[in-house]
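Q: Next comes coords38.tsv, TSV, C-alpha atoms:
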```
chain	number	residue	atom	x	y	z
I	1	GLN	CA	0.00	0.00	0.00
I	2	ASP	CA	2.92	2.36	0.69
I	3	THR	CA	4.10	1.79	-2.87
I	4	LEU	CA	0.64	2.66	-4.15
I	5	TYR	CA	0.48	5.86	-2.10
I	6	ALA	CA	3.89	6.87	-3.44
I	7	MET	CA	2.32	7.17	-6.91
I	8	PRO	CA	1.30	10.86	-7.17
I	9	LEU	CA	-1.37	12.52	-9.25
I	10	PRO	CA	-0.07	12.95	-12.80
I	11	THR	CA	1.36	16.24	-14.06
I	12	THR	CA	1.99	15.18	-17.68
I	13	PRO	CA	0.11	13.06	-20.25
I	14	GLN	CA	2.86	10.44	-20.01
I	15	GLU	CA	2.44	10.22	-16.23
I	16	LEU	CA	-1.34	9.95	-16.68
I	17	SER	CA	-0.85	6.99	-19.00
I	18	GLU	CA	1.50	5.33	-16.50
I	19	VAL	CA	-0.87	5.91	-13.58
I	20	ASN	CA	-3.76	4.39	-15.56
I	21	ASN	CA	-1.64	1.35	-16.35
I	22	GLU	CA	-1.04	0.89	-12.62
I	23	LEU	CA	-4.64	1.51	-11.57
I	24	ALA	CA	-6.03	-0.85	-14.23
I	25	GLY	CA	-4.76	-3.85	-12.30
I	26	LEU	CA	-6.14	-2.80	-8.92
I	27	ASP	CA	-9.38	-3.56	-7.09
I	28	PRO	CA	-11.70	-0.56	-6.58
I	29	GLU	CA	-10.78	-0.60	-2.88
I	30	PHE	CA	-7.21	0.42	-3.62
I	31	ILE	CA	-8.14	2.89	-6.37
I	32	LEU	CA	-10.43	4.74	-3.96
I	33	LYS	CA	-7.89	4.61	-1.14
I	34	TRP	CA	-5.21	5.97	-3.46
I	35	ALA	CA	-7.38	8.93	-4.49
I	36	HIS	CA	-8.47	9.57	-0.91
I	37	HIS	CA	-4.87	9.49	0.33
I	38	HIS	CA	-3.72	12.15	-2.12
I	39	LEU	CA	-6.72	14.44	-1.81
I	40	HIS	CA	-7.26	14.27	1.94
I	41	ASP	CA	-3.65	14.62	2.99
I	42	SER	CA	-3.98	18.37	3.50
I	43	PRO	CA	-4.25	19.59	7.12
I	44	GLU	CA	-6.44	22.56	6.13
I	45	LEU	CA	-9.35	21.50	3.95
I	46	GLY	CA	-11.77	23.99	5.47
I	47	ASP	CA	-15.18	23.79	3.78
I	48	SER	CA	-13.77	22.23	0.63
I	49	HIS	CA	-14.44	18.66	-0.48
I	50	PRO	CA	-11.60	17.63	-2.81
I	51	LEU	CA	-13.06	14.15	-3.45
I	52	VAL	CA	-16.77	13.67	-4.18
I	53	GLN	CA	-18.96	10.87	-5.52
I	54	ALA	CA	-21.61	11.88	-8.05
I	55	THR	CA	-24.27	9.24	-8.66
I	56	SER	CA	-27.84	8.66	-9.79
I	57	PHE	CA	-27.82	5.52	-7.61
I	58	GLY	CA	-27.59	3.15	-10.52
I	59	PRO	CA	-26.01	-0.26	-9.83
I	60	THR	CA	-22.38	0.81	-10.36
I	61	GLY	CA	-22.81	3.92	-8.24
I	62	LEU	CA	-24.24	1.79	-5.44
I	63	VAL	CA	-21.24	-0.54	-5.56
I	64	ILE	CA	-18.88	2.44	-5.27
I	65	LEU	CA	-20.92	3.90	-2.43
I	66	ASP	CA	-20.72	0.60	-0.57
I	67	HIS	CA	-16.94	0.48	-1.10
I	68	LEU	CA	-16.60	3.99	0.33
I	69	SER	CA	-18.57	2.90	3.38
I	70	ARG	CA	-16.81	-0.45	3.77
I	71	TYR	CA	-13.35	1.15	3.81
I	72	ASN	CA	-14.31	4.05	6.09
I	73	LEU	CA	-14.01	6.72	3.42
I	74	LEU	CA	-17.63	7.82	3.30
I	75	ASP	CA	-17.37	10.18	6.25
I	76	THR	CA	-15.01	12.46	4.30
I	77	VAL	CA	-16.35	11.86	0.77
I	78	PRO	CA	-19.74	13.54	0.28
I	79	VAL	CA	-22.20	12.05	-2.19
I	80	VAL	CA	-24.18	14.23	-4.59
I	81	THR	CA	-27.16	13.16	-6.68
I	82	MET	CA	-29.22	15.23	-9.10
I	83	ASP	CA	-32.98	15.68	-8.67
I	84	THR	CA	-34.34	16.47	-12.13
I	85	LEU	CA	-37.81	17.10	-10.60
I	86	HIS	CA	-39.01	14.40	-13.01
I	87	LEU	CA	-38.04	11.32	-11.03
I	88	PHE	CA	-40.48	8.58	-10.07
I	89	LYS	CA	-41.80	8.68	-6.52
I	90	GLU	CA	-39.85	5.50	-5.76
I	91	SER	CA	-36.59	7.36	-6.45
I	92	TYR	CA	-37.27	9.88	-3.68
I	93	VAL	CA	-38.14	7.07	-1.30
I	94	PHE	CA	-34.87	5.39	-2.25
I	95	PHE	CA	-32.91	8.49	-1.21
I	96	ASP	CA	-34.23	7.89	2.31
I	97	THR	CA	-33.50	4.16	2.08
I	98	ILE	CA	-29.87	4.83	1.19
I	99	GLN	CA	-29.48	7.47	3.89
I	100	SER	CA	-30.89	5.08	6.48
I	101	HIS	CA	-28.74	2.16	5.32
I	102	TYR	CA	-25.47	4.07	5.66
I	103	ASN	CA	-26.66	6.13	8.61
I	104	SER	CA	-24.73	9.20	9.71
I	105	THR	CA	-21.64	8.35	7.68
I	106	LEU	CA	-23.43	9.28	4.43
I	107	HIS	CA	-23.44	13.01	3.66
I	108	LEU	CA	-25.96	13.14	0.81
I	109	THR	CA	-26.59	16.34	-1.16
I	110	VAL	CA	-29.45	16.51	-3.67
I	111	THR	CA	-29.13	19.22	-6.33
I	112	LYS	CA	-32.03	20.92	-8.13
I	113	PRO	CA	-32.29	22.10	-11.75
I	114	VAL	CA	-30.93	25.52	-12.64
I	115	HIS	CA	-32.97	28.39	-14.04
I	116	ILE	CA	-31.14	29.70	-17.08
I	117	ALA	CA	-32.61	32.74	-18.82
I	118	HIS	CA	-31.74	34.26	-22.20
I	119	PRO	CA	-32.71	37.96	-21.99
I	120	PRO	CA	-33.01	39.60	-25.44
I	121	GLU	CA	-30.71	42.41	-24.37
I	122	LEU	CA	-27.85	39.91	-23.90
I	123	ASP	CA	-28.02	38.92	-27.57
I	124	GLY	CA	-28.03	35.15	-27.03
I	125	ASP	CA	-25.96	35.02	-23.84
I	126	SER	CA	-27.47	33.31	-20.83
I	127	VAL	CA	-27.76	34.29	-17.20
I	128	PHE	CA	-28.12	32.08	-14.12
I	129	LYS	CA	-31.23	33.07	-12.12
I	130	GLY	CA	-31.20	30.47	-9.37
I	131	PHE	CA	-32.61	27.00	-8.79
I	132	LEU	CA	-36.01	25.43	-9.43
I	133	TYR	CA	-37.62	23.47	-6.61
I	134	SER	CA	-40.80	22.01	-8.08
I	135	LYS	CA	-41.99	20.48	-11.31
I	136	VAL	CA	-44.47	23.35	-11.71
I	137	GLU	CA	-41.65	25.89	-11.49
I	138	PHE	CA	-39.64	23.89	-14.00
I	139	GLN	CA	-42.49	23.77	-16.51
I	140	ASP	CA	-43.17	27.49	-16.09
I	141	VAL	CA	-39.60	28.19	-17.20
I	142	TYR	CA	-38.90	25.43	-19.72
I	143	GLY	CA	-42.31	24.07	-20.69
I	144	PRO	CA	-43.71	20.57	-20.04
I	145	THR	CA	-41.80	18.62	-22.71
I	146	LEU	CA	-38.17	19.86	-22.63
I	147	TRP	CA	-36.97	16.32	-21.93
I	148	LYS	CA	-38.45	15.29	-25.28
I	149	THR	CA	-37.95	18.36	-27.48
I	150	ASP	CA	-34.38	19.13	-26.41
I	151	PRO	CA	-32.95	16.26	-24.34
I	152	LEU	CA	-29.40	17.66	-24.41
I	153	TYR	CA	-30.49	20.99	-22.93
I	154	TYR	CA	-32.73	19.16	-20.45
I	155	THR	CA	-29.70	17.18	-19.25
I	156	LYS	CA	-27.66	20.36	-19.04
I	157	VAL	CA	-30.09	22.25	-16.77
I	158	THR	CA	-31.13	19.26	-14.63
I	159	LYS	CA	-27.85	17.38	-14.21
I	160	ILE	CA	-24.69	18.88	-15.70
I	161	ASP	CA	-24.96	22.49	-14.54
I	162	PRO	CA	-26.27	21.71	-11.02
I	163	LEU	CA	-23.48	19.18	-10.48
I	164	GLN	CA	-20.77	21.51	-11.77
I	165	GLN	CA	-21.99	24.34	-9.58
I	166	LYS	CA	-21.86	22.10	-6.51
I	167	LEU	CA	-18.38	20.84	-7.35
I	168	GLU	CA	-17.23	24.43	-7.84
I	169	GLU	CA	-18.74	25.47	-4.52
I	170	TRP	CA	-16.93	22.62	-2.79
I	171	GLN	CA	-13.66	23.29	-4.66
I	172	THR	CA	-13.68	19.65	-5.71
I	173	ILE	CA	-10.51	18.38	-7.35
I	174	MET	CA	-11.75	14.90	-8.31
I	175	TRP	CA	-15.20	13.37	-8.63
I	176	ILE	CA	-16.05	9.68	-8.75
I	177	THR	CA	-18.33	8.26	-11.43
I	178	GLY	CA	-19.90	4.87	-12.06
I	179	ARG	CA	-19.02	4.59	-15.74
I	180	ARG	CA	-17.76	1.25	-17.07
I	181	ARG	CA	-16.22	-0.02	-20.31
I	182	SER	CA	-18.82	-2.78	-20.50
I	183	GLN	CA	-21.54	-0.13	-20.96
I	184	GLY	CA	-20.31	0.15	-24.54
I	185	GLY	CA	-20.25	3.04	-26.97
I	186	GLU	CA	-17.73	5.78	-26.24
I	187	ARG	CA	-17.01	4.15	-22.88
I	188	GLU	CA	-15.34	1.08	-24.39
I	189	GLU	CA	-11.89	2.70	-24.10
I	190	LEU	CA	-12.58	4.31	-20.72
I	191	ASP	CA	-9.60	4.85	-18.41
I	192	ILE	CA	-9.83	4.78	-14.64
I	193	LEU	CA	-8.44	8.31	-14.31
I	194	GLU	CA	-9.39	11.15	-16.67
I	195	PHE	CA	-8.97	14.91	-16.67
I	196	ASP	CA	-11.85	17.13	-17.77
I	197	SER	CA	-10.64	20.57	-18.80
I	198	PHE	CA	-12.96	23.45	-17.94
I	199	PRO	CA	-14.86	24.80	-20.96
I	200	PRO	CA	-13.99	28.38	-21.98
I	201	ASP	CA	-17.42	29.71	-21.02
I	202	GLU	CA	-16.89	28.55	-17.44
I	203	GLU	CA	-13.73	30.60	-17.07
I	204	ASP	CA	-15.44	33.77	-15.88
I	205	ARG	CA	-17.61	32.19	-13.21
I	206	ARG	CA	-15.07	29.87	-11.61
I	207	VAL	CA	-14.00	30.87	-8.14
I	208	ARG	CA	-10.34	30.14	-8.62
I	209	ASN	CA	-7.17	31.92	-7.60
I	210	ARG	CA	-5.52	32.49	-10.94
I	211	GLU	CA	-2.23	33.22	-9.18
I	212	ASP	CA	-2.13	29.51	-8.35
I	213	ASP	CA	-2.30	28.61	-12.03
I	214	ASN	CA	0.61	26.53	-13.24
I	215	ASP	CA	1.28	26.71	-16.95
I	216	ASP	CA	3.67	23.76	-16.75
I	217	ASN	CA	1.00	21.41	-15.41
I	218	PRO	CA	-1.84	20.70	-17.86
I	219	PHE	CA	-3.75	19.02	-15.02
I	220	HIS	CA	-3.63	21.87	-12.51
I	221	SER	CA	-6.87	22.37	-10.58
I	222	SER	CA	-7.31	25.82	-12.11
I	223	LYS	CA	-7.62	24.19	-15.54
I	224	GLY	CA	-10.04	21.34	-14.92
I	225	ARG	CA	-11.12	18.53	-12.66
I	226	TRP	CA	-10.12	14.88	-12.30
I	227	LYS	CA	-12.72	12.19	-12.98
I	228	LEU	CA	-12.25	8.78	-11.36
I	229	ASN	CA	-13.91	5.64	-12.75
I	230	PRO	CA	-12.95	2.94	-10.21
I	231	LEU	CA	-15.19	0.27	-11.78
I	232	ALA	CA	-14.13	0.99	-15.37
I	233	TYR	CA	-13.09	-2.64	-15.94
I	234	TRP	CA	-16.01	-4.32	-14.15
I	235	SER	CA	-18.66	-6.27	-16.04
I	236	TYR	CA	-22.42	-6.10	-15.59
I	237	ASP	CA	-22.35	-9.46	-13.81
I	238	GLN	CA	-19.61	-8.36	-11.42
I	239	VAL	CA	-21.66	-5.33	-10.42
I	240	TRP	CA	-24.83	-7.29	-9.72
I	241	ASN	CA	-23.02	-10.14	-7.99
I	242	TYR	CA	-21.46	-7.61	-5.62
I	243	ILE	CA	-24.85	-5.99	-4.90
I	244	LYS	CA	-26.46	-9.34	-4.11
I	245	ASP	CA	-23.52	-10.81	-2.19
I	246	ASN	CA	-23.19	-7.73	0.02
I	247	LYS	CA	-26.92	-7.04	0.38
I	248	VAL	CA	-26.63	-3.53	-1.04
I	249	PRO	CA	-30.08	-1.90	-1.33
I	250	TYR	CA	-31.05	-1.06	-4.90
I	251	ASN	CA	-33.90	0.68	-6.64
I	252	LEU	CA	-35.81	-1.32	-9.26
```
Give the structure from this file in structure tokens form.
A:
Amino acid sequence: QDTLYAMPLPTTPQELSEVNNELAGLDPEFILKWAHHHLHDSPELGDSHPLVQATSFGPTGLVILDHLSRYNLLDTVPVVTMDTLHLFKESYVFFDTIQSHYNSTLHLTVTKPVHIAHPPELDGDSVFKGFLYSKVEFQDVYGPTLWKTDPLYYTKVTKIDPLQQKLEEWQTIMWITGRRRSQGGEREELDILEFDSFPPDEEDRRVRNREDDNDDNPFHSSKGRWKLNPLAYWSYDQVWNYIKDNKVPYNL
């Protein structure tokens, strides 16, 4: 384990490739412990949360959540899920089920959709006007069928933007996802560790100290955020076998 902890976060593409080669052969337990070790080694974290799990409580996310609990990481790794205001009633009940199952060690945050307006005077630019807290409010702003007429924009205002705002608020350096290669499509070549660069239009609203920017490090926290996929190499059967063997609650 000491050898694992000696492997730092990458600062070059070559180092990122080498780290992924090392992580690819490890169980999720050690991948999560490695990330936690590097991101929670600071004596002064304050109100920041450098490592966060983002999940919709699908099967893979539940396996990761259970790993965080099993290895005593959950108390310092908050979990965020996105309420689109269009979930089934059973999903809201499941939030309570999960909170009860993991008790006080689970710090669950539920985001709400953002209200994005496009005033004519801004000539196409958008402005953030707050959050929406009910389906009625959502439909007043976006209409009743946004999920069908513009699914990409629907995902942006209900999931992507709320999550990114929360990660920015928490000064998150790395967030944990449940994506797997076996899910197919563009995920077939998925690495365990990725770096998502901030889009140009996010530059102005980020609360970052630009003096800390490091031009020599393409993976500096002022330039983007790490994404960790600890179950990237797991199969569908591995996920469900873990859930059943460890009696992890799941939402049908």
Q: Please indicate the distance in Å from CA of Thr111 in chain I to CA of Asp83 in chain I, rounded to one decimal place.
A: 5.7 Å
Q: Residues around (-27.2, -0.7, -3.7), cut-off 6 Å, counting all atoms listed in the file - what are they as a ChimeraX atom specification?
A: /I:62,243,248-250
Q: What is the distance, in Å and to one decimal place, between CA of Gly25 in chain I and CA of Val239 in chain I?
A: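 It comes out at 17.1 Å.
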Q: Rank I:Leu85, I:Val52, I:Ala6, I:Val19 by their smallest atom-to-atom distance to Lys227 in chain I, using all atoms listed in the file, and report the top residue only.
A: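 Of I:Leu85, I:Val52, I:Ala6, I:Val19, the one nearest Lys227 in chain I is I:Val52, counting all atoms listed in the file.
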Q: Could you pull the residues within 10 Å of Thr60 in chain I, counting all atoms listed in the file, minus those fewer than 6 positions along the same chain, as a list in words?
A: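 Residues near the query, excluding close chain neighbours: Asp66, Thr177, Gly178, Arg179, Arg180, Pro230, Leu231, Ala232, Trp234, Ser235, Tyr236, Gln238, Val239, Trp240, Tyr242 and Ile243 of chain I.
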Q: Find the distance between CA of Phe88 in chain I and CA of Lys135 in chain I and write it in Å to one decimal.
A: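 Rounded to one decimal, the two atoms are 12.1 Å apart.
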Q: Mind checking which residues fall within 8 Å of Leu228 in chain I, counting all atoms listed in the file, ignoring those fewer than 4 positions away in the same chain, and posting them as a list in words?
A: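 Neighbouring residues, sequence-local ones excluded: Met174, Trp175, Ile176, Thr177, Ile192, Leu193 and Glu194 of chain I.
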Q: Which protein, DNA or RNA residues are at most 12 Å from (-11.5, 3.4, 5.1) in the file's coordinates when you count only C-alpha atoms, listed as a ChimeraX atom specification?
A: /I:29-37,66-77,105
Q: Which of these residues is nearest to Leu39 in chain I, using all atoms listed in the file: I:Thr109, I:Thr172, I:Gln53, I:Ser222?
A: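 Of I:Thr109, I:Thr172, I:Gln53, I:Ser222, the one nearest Leu39 in chain I, counting all atoms listed in the file, is I:Thr172.
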Q: Can you list, as a list in words, every protein, DNA or RNA residue that comes within 12 Å of Asp47 in chain I when you count only C-alpha atoms, leaving out same-chain residues fewer than 5 positions away?
A: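 The neighbour list is Thr76, Pro78, Leu167, Glu168, Glu169, Trp170, Gln171 and Thr172 of chain I.
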Q: Could you check which of I:Lys89, I:His40, I:His101, I:Arg225 is closest to Gln164 in chain I, using all atoms listed in the file?
A: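 Using all atoms listed in the file, the shortest distance to Gln164 in chain I belongs to I:Arg225.
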Q: Just checking: using only C-alpha atoms, which residue out of I:His220, I:His107, I:Arg187, I:His118 ends up closest to Leu65 in chain I?
A: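 Ranking I:His220, I:His107, I:Arg187, I:His118 by distance to Leu65 in chain I, first place goes to I:His107.
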